[in-house]
Amino acid sequence: MNVKLELEPLLSEGVPSVRPLIIAGPCSAESEEQTLETARALSKNGIKIYRAGVWKPRTRPGAFEGHGSKALPWLKKVKEETGMYVAVEVANVKHVYEALKAGIDILWLGARTTANPFAVQEIADTLKGVDIPVLVKNPINPDIELWIGAIERLNIVGIKKLCAVHRGFSIYEKSVYRNNPQWQVPIELKRRIPELPLLCDPSHICGSKEKIYEVSQEAMDLNFDGLIIESHINPEKALSDAKQQLNPKELDDILKKIIIRKPKAENGSIVTLEELRAEIDIIDDSVMDIFERRMKIADQIGKYKKEKNIAILQTQRWGEILNKRLEMGKTKGLGNEFVEIIFKAIHQESINHQNKIMNEDK
Ligand code: PEP
Ligand code: MN
């Protein structure tokens, strides 16, 4: 199902609508000084939209949870002094009221909020009749319907300046990422709602500075509209997400290094080579998964044959398989030679697996 949203450009004067749209600022507004100093440095480097968390969702109690409403006037000062747009995260009705009262320009829904339709609906109801841009981060789990659902709930009450933010997905196992990018999810979002702007948040995907450039470049190669990146005047001293925050100079260096490629090929196609390559990668992953599944079944058959003392190679069955696959290949535009090579290789691998099982000790 394709979603038809009523959308308007995210921002008006002051911010050019060319890619990439860059939003930067600290994970949290920690003090008036830190908020303003970071903003000044970023503004000097040409950043036009400033992010800073005021209410921080923390996984475990006891960590720095943000200064709350007390920090909102600091953002007002940022706006007055630098002319930047200011953005904060809202997670409940109170946050929305306070942020609107303080003249905040842009709101964002964090990953934990997007995952909760009750919270999203309450926020949407509070925003009815308000004309403000809202960024919607993906839910912590890779559930595209939940992500689209949050965007729809906001659009239904009349929020037209909407933008999705890809910040990766929670993982249980240790990984090089803090949140797994699973690029196929934002790619699918773009396929389903091509007109919805899409940003990438490499900071929360990476969890550390090291891979931020790489992930940002990948996002731009996948035709994202921009980036939201954490930057702190003194990252080592940051009260939250210290490892992943860049200082303004590091951010500037990365932004200068990123290559922005044309979103469209000369023939007007909106699909970039990188997008197609990403799709190929996803398909190859599935092919490998399917091979793995097939070999597990072959192993089970191997065990059965061993128990019943049956020979591995059943020539008649193999002949039938090959003929059936060759016929099927014809209907799918796959050449005989290709199908034969592939299935002979698969068959050989199954035999190898079964041979191993047959000959291992009980
Ligand atoms: C943040 O942007 O600082 C934040 C808490 O992000 P997320 O909701 O993506 O975890
Ligand atoms: Mn953060």
# chains A, B, ... in the order shown; residues from 1 in each chain; ligands from 1
>>> residues_near_ligand(ligand="ligand 2", cutoff="12 Å", atoms="only C-alpha atoms and all ligand atoms", output="JSON, numbers by chain")
{"A": [24, 25, 26, 27, 28, 29, 51, 52, 53, 54, 55, 56, 57, 58, 59, 64, 65, 66, 88, 89, 110, 111, 167, 178, 201, 202, 203, 204, 205, 206, 207, 208, 228, 229, 230, 231, 232, 235, 238, 239, 240, 241, 242, 243, 244, 245, 246]}
>>> residues_around(residues="region 284-287 of chain A", least_positions_apart="6", cutoff="12 Å", atoms="only C-alpha atoms", output="list in words")
Gln182, Gln184, Arg277, Ala278, Arg293 and Arg294 of chain A
>>> write_last_selection(atoms="N, CA and C atoms", output="PDB file, in the first residue's frame")
ATOM      1  N   GLN A 182      20.619  -1.296   8.921  1.00  0.00           N
ATOM      2  CA  GLN A 182      19.586  -1.994   8.127  1.00  0.00           C
ATOM      3  C   GLN A 182      19.010  -1.083   7.044  1.00  0.00           C
ATOM      4  N   GLN A 184      17.979  -1.383   4.243  1.00  0.00           N
ATOM      5  CA  GLN A 184      16.800  -1.744   3.440  1.00  0.00           C
ATOM      6  C   GLN A 184      15.518  -1.144   3.999  1.00  0.00           C
ATOM      7  N   ARG A 277      22.623  -0.846  -6.129  1.00  0.00           N
ATOM      8  CA  ARG A 277      23.639  -1.733  -5.540  1.00  0.00           C
ATOM      9  C   ARG A 277      23.205  -2.193  -4.157  1.00  0.00           C
ATOM     10  N   ALA A 278      22.596  -1.274  -3.399  1.00  0.00           N
ATOM     11  CA  ALA A 278      22.136  -1.646  -2.065  1.00  0.00           C
ATOM     12  C   ALA A 278      21.074  -2.728  -2.178  1.00  0.00           C
ATOM     13  N   ARG A 293      19.522 -22.299   4.635  1.00  0.00           N
ATOM     14  CA  ARG A 293      18.321 -23.080   4.990  1.00  0.00           C
ATOM     15  C   ARG A 293      18.295 -24.403   4.230  1.00  0.00           C
ATOM     16  N   ARG A 294      18.639 -24.330   2.936  1.00  0.00           N
ATOM     17  CA  ARG A 294      18.608 -25.540   2.109  1.00  0.00           C
ATOM     18  C   ARG A 294      19.596 -26.580   2.639  1.00  0.00           C
TER      19      ARG A 294
END
>>> closest_residue(among="A:Thr113, A:Ser216, A:Gln34, A:Asn309", to="ligand 1", atoms="only C-alpha atoms and all ligand atoms")
A:Thr113
>>> atom_distance(atom1="CA of Ser43 (chain A)", atom2="CA of Ala87 (chain A)")
14.3 Å
>>> closest_residue(among="A:Gly168, A:Glu152, A:Pro181, A:Leu10", to="ligand 1", atoms="only C-alpha atoms and all ligand atoms")
A:Gly168
>>> atom_distance(atom1="CA of Gln354 (chain A)", atom2="CA of Asp281 (chain A)")
29.5 Å
>>> select_by_dssp(residues="region 210-247 of chain A", states="strand (DSSP E or B)", output="VMD selection string")
chain A and resid 226 to 231 246
>>> write_last_selection(atoms="all heavy atoms", output="PDB file, in the first residue's frame")
ATOM      1  N   GLY A 226      19.574  14.611   3.718  1.00  0.00           N
ATOM      2  CA  GLY A 226      20.500  15.322   4.586  1.00  0.00           C
ATOM      3  C   GLY A 226      20.876  14.503   5.811  1.00  0.00           C
ATOM      4  O   GLY A 226      20.621  13.304   5.887  1.00  0.00           O
ATOM      5  N   LEU A 227      21.490  15.200   6.767  1.00  0.00           N
ATOM      6  CA  LEU A 227      22.045  14.527   7.940  1.00  0.00           C
ATOM      7  C   LEU A 227      21.702  15.304   9.201  1.00  0.00           C
ATOM      8  O   LEU A 227      21.649  16.539   9.180  1.00  0.00           O
ATOM      9  CB  LEU A 227      23.571  14.457   7.825  1.00  0.00           C
ATOM     10  CG  LEU A 227      24.132  13.779   6.576  1.00  0.00           C
ATOM     11  CD1 LEU A 227      25.607  14.118   6.397  1.00  0.00           C
ATOM     12  CD2 LEU A 227      23.940  12.265   6.657  1.00  0.00           C
ATOM     13  N   ILE A 228      21.497  14.585  10.294  1.00  0.00           N
ATOM     14  CA  ILE A 228      21.400  15.224  11.608  1.00  0.00           C
ATOM     15  C   ILE A 228      22.513  14.592  12.442  1.00  0.00           C
ATOM     16  O   ILE A 228      22.541  13.372  12.638  1.00  0.00           O
ATOM     17  CB  ILE A 228      19.984  15.092  12.234  1.00  0.00           C
ATOM     18  CG1 ILE A 228      19.964  15.586  13.682  1.00  0.00           C
ATOM     19  CG2 ILE A 228      19.400  13.695  12.142  1.00  0.00           C
ATOM     20  CD1 ILE A 228      18.554  15.847  14.235  1.00  0.00           C
ATOM     21  N   ILE A 229      23.465  15.432  12.849  1.00  0.00           N
ATOM     22  CA  ILE A 229      24.684  14.908  13.472  1.00  0.00           C
ATOM     23  C   ILE A 229      24.925  15.605  14.808  1.00  0.00           C
ATOM     24  O   ILE A 229      24.742  16.822  14.929  1.00  0.00           O
ATOM     25  CB  ILE A 229      25.918  15.151  12.559  1.00  0.00           C
ATOM     26  CG1 ILE A 229      25.684  14.549  11.166  1.00  0.00           C
ATOM     27  CG2 ILE A 229      27.178  14.576  13.166  1.00  0.00           C
ATOM     28  CD1 ILE A 229      26.915  14.525  10.264  1.00  0.00           C
ATOM     29  N   GLU A 230      25.364  14.811  15.792  1.00  0.00           N
ATOM     30  CA  GLU A 230      25.644  15.413  17.100  1.00  0.00           C
ATOM     31  C   GLU A 230      27.021  16.079  17.115  1.00  0.00           C
ATOM     32  O   GLU A 230      28.029  15.469  16.713  1.00  0.00           O
ATOM     33  CB  GLU A 230      25.572  14.346  18.194  1.00  0.00           C
ATOM     34  CG  GLU A 230      24.124  13.957  18.466  1.00  0.00           C
ATOM     35  CD  GLU A 230      23.939  13.040  19.662  1.00  0.00           C
ATOM     36  OE1 GLU A 230      24.912  12.423  20.122  1.00  0.00           O
ATOM     37  OE2 GLU A 230      22.796  12.951  20.130  1.00  0.00           O
ATOM     38  N   SER A 231      27.030  17.325  17.597  1.00  0.00           N
ATOM     39  CA  SER A 231      28.294  18.052  17.704  1.00  0.00           C
ATOM     40  C   SER A 231      28.295  18.865  18.998  1.00  0.00           C
ATOM     41  O   SER A 231      27.303  19.514  19.337  1.00  0.00           O
ATOM     42  CB  SER A 231      28.448  18.979  16.497  1.00  0.00           C
ATOM     43  OG  SER A 231      29.634  19.738  16.621  1.00  0.00           O
ATOM     44  N   LEU A 246      31.011  14.910  17.752  1.00  0.00           N
ATOM     45  CA  LEU A 246      32.168  15.499  17.081  1.00  0.00           C
ATOM     46  C   LEU A 246      32.304  16.936  17.558  1.00  0.00           C
ATOM     47  O   LEU A 246      31.294  17.587  17.854  1.00  0.00           O
ATOM     48  CB  LEU A 246      31.915  15.550  15.576  1.00  0.00           C
ATOM     49  CG  LEU A 246      31.596  14.230  14.872  1.00  0.00           C
ATOM     50  CD1 LEU A 246      31.007  14.504  13.489  1.00  0.00           C
ATOM     51  CD2 LEU A 246      32.861  13.392  14.759  1.00  0.00           C
TER      52      LEU A 246
END
>>> decode(residues="region 167-180 of chain A", atoms="all heavy atoms", output="compact mmCIF listing (two decimals), in the first residue's frame")
# COMPACT_ATOMS: atom_id res chain seq x y z
N ARG A 167 17.90 6.40 12.18
CA ARG A 167 18.93 6.41 13.23
C ARG A 167 19.34 4.98 13.61
O ARG A 167 19.97 4.76 14.63
CB ARG A 167 18.50 7.22 14.46
CG ARG A 167 17.16 6.90 15.02
CD ARG A 167 17.08 5.64 15.82
NE ARG A 167 17.55 5.80 17.18
CZ ARG A 167 17.80 4.79 18.00
NH1 ARG A 167 17.64 3.53 17.59
NH2 ARG A 167 18.21 5.01 19.24
N GLY A 168 18.99 4.02 12.76
CA GLY A 168 19.39 2.64 13.02
C GLY A 168 18.45 1.96 14.02
O GLY A 168 17.57 2.60 14.60
N PHE A 169 18.69 0.63 14.20
CA PHE A 169 17.77 -0.19 14.97
C PHE A 169 18.52 -0.95 16.07
O PHE A 169 19.64 -1.40 15.86
CB PHE A 169 17.05 -1.15 14.02
CG PHE A 169 16.34 -0.41 12.92
CD1 PHE A 169 16.97 -0.17 11.70
CD2 PHE A 169 15.07 0.11 13.11
CE1 PHE A 169 16.34 0.55 10.69
CE2 PHE A 169 14.42 0.84 12.11
CZ PHE A 169 15.06 1.06 10.91
N SER A 170 17.85 -1.10 17.20
CA SER A 170 18.46 -1.79 18.35
C SER A 170 18.98 -3.18 17.99
O SER A 170 18.33 -3.89 17.22
CB SER A 170 17.39 -2.00 19.42
OG SER A 170 17.40 -0.96 20.31
N ILE A 171 20.10 -3.53 18.58
CA ILE A 171 20.64 -4.87 18.36
C ILE A 171 21.02 -5.48 19.69
O ILE A 171 21.46 -4.78 20.60
CB ILE A 171 21.92 -4.88 17.47
CG1 ILE A 171 22.55 -3.48 17.42
CG2 ILE A 171 21.65 -5.46 16.12
CD1 ILE A 171 23.74 -3.37 16.51
N TYR A 172 20.87 -6.79 19.78
CA TYR A 172 21.22 -7.47 21.02
C TYR A 172 22.70 -7.83 21.04
O TYR A 172 23.41 -7.56 21.99
CB TYR A 172 20.36 -8.73 21.16
CG TYR A 172 20.65 -9.53 22.40
CD1 TYR A 172 20.47 -8.97 23.66
CD2 TYR A 172 21.11 -10.84 22.32
CE1 TYR A 172 20.74 -9.69 24.81
CE2 TYR A 172 21.38 -11.56 23.46
CZ TYR A 172 21.20 -10.98 24.70
OH TYR A 172 21.48 -11.68 25.83
N GLU A 173 23.14 -8.39 19.90
CA GLU A 173 24.55 -8.81 19.85
C GLU A 173 25.47 -7.60 19.76
O GLU A 173 25.07 -6.54 19.32
CB GLU A 173 24.83 -9.68 18.61
CG GLU A 173 24.22 -11.05 18.66
CD GLU A 173 22.85 -11.07 18.02
OE1 GLU A 173 22.50 -10.08 17.33
OE2 GLU A 173 22.12 -12.04 18.23
N LYS A 174 26.71 -7.79 20.18
CA LYS A 174 27.71 -6.73 20.03
C LYS A 174 27.96 -6.52 18.54
O LYS A 174 27.97 -7.45 17.76
CB LYS A 174 29.01 -7.21 20.69
CG LYS A 174 29.50 -6.27 21.76
CD LYS A 174 30.81 -6.76 22.35
CE LYS A 174 31.86 -5.68 22.41
NZ LYS A 174 31.44 -4.35 22.78
N SER A 175 28.13 -5.28 18.15
CA SER A 175 28.30 -5.00 16.73
C SER A 175 29.18 -3.77 16.59
O SER A 175 29.44 -3.06 17.57
CB SER A 175 26.92 -4.74 16.13
OG SER A 175 26.97 -3.85 15.05
N VAL A 176 29.65 -3.50 15.37
CA VAL A 176 30.44 -2.29 15.18
C VAL A 176 29.54 -1.06 15.31
O VAL A 176 30.01 0.05 15.50
CB VAL A 176 31.16 -2.24 13.82
CG1 VAL A 176 32.30 -3.21 13.79
CG2 VAL A 176 30.20 -2.51 12.66
N TYR A 177 28.25 -1.26 15.16
CA TYR A 177 27.31 -0.15 15.27
C TYR A 177 26.64 -0.15 16.63
O TYR A 177 26.44 -1.20 17.23
CB TYR A 177 26.21 -0.26 14.21
CG TYR A 177 26.73 -0.22 12.80
CD1 TYR A 177 26.73 -1.36 12.01
CD2 TYR A 177 27.21 0.97 12.27
CE1 TYR A 177 27.20 -1.31 10.70
CE2 TYR A 177 27.69 1.03 10.96
CZ TYR A 177 27.69 -0.12 10.19
OH TYR A 177 28.14 -0.08 8.91
N ARG A 178 26.23 1.04 17.07
CA ARG A 178 25.40 1.12 18.28
C ARG A 178 23.96 0.71 17.90
O ARG A 178 23.29 0.01 18.65
CB ARG A 178 25.41 2.56 18.79
CG ARG A 178 24.49 2.79 19.97
CD ARG A 178 24.62 4.24 20.46
NE ARG A 178 23.68 4.53 21.51
CZ ARG A 178 23.43 5.76 21.94
NH1 ARG A 178 24.08 6.80 21.41
NH2 ARG A 178 22.55 5.96 22.89
N ASN A 179 23.53 1.16 16.74
CA ASN A 179 22.23 0.78 16.21
C ASN A 179 22.41 0.38 14.75
O ASN A 179 22.92 1.16 13.95
CB ASN A 179 21.24 1.95 16.32
CG ASN A 179 20.87 2.24 17.77
OD1 ASN A 179 20.19 1.45 18.41
ND2 ASN A 179 21.35 3.35 18.30
N ASN A 180 21.98 -0.84 14.46
CA ASN A 180 22.22 -1.41 13.14
C ASN A 180 21.53 -0.58 12.04
O ASN A 180 20.34 -0.33 12.11
CB ASN A 180 21.63 -2.82 13.15
CG ASN A 180 22.09 -3.64 11.99
OD1 ASN A 180 22.71 -3.12 11.06
ND2 ASN A 180 21.79 -4.92 12.03
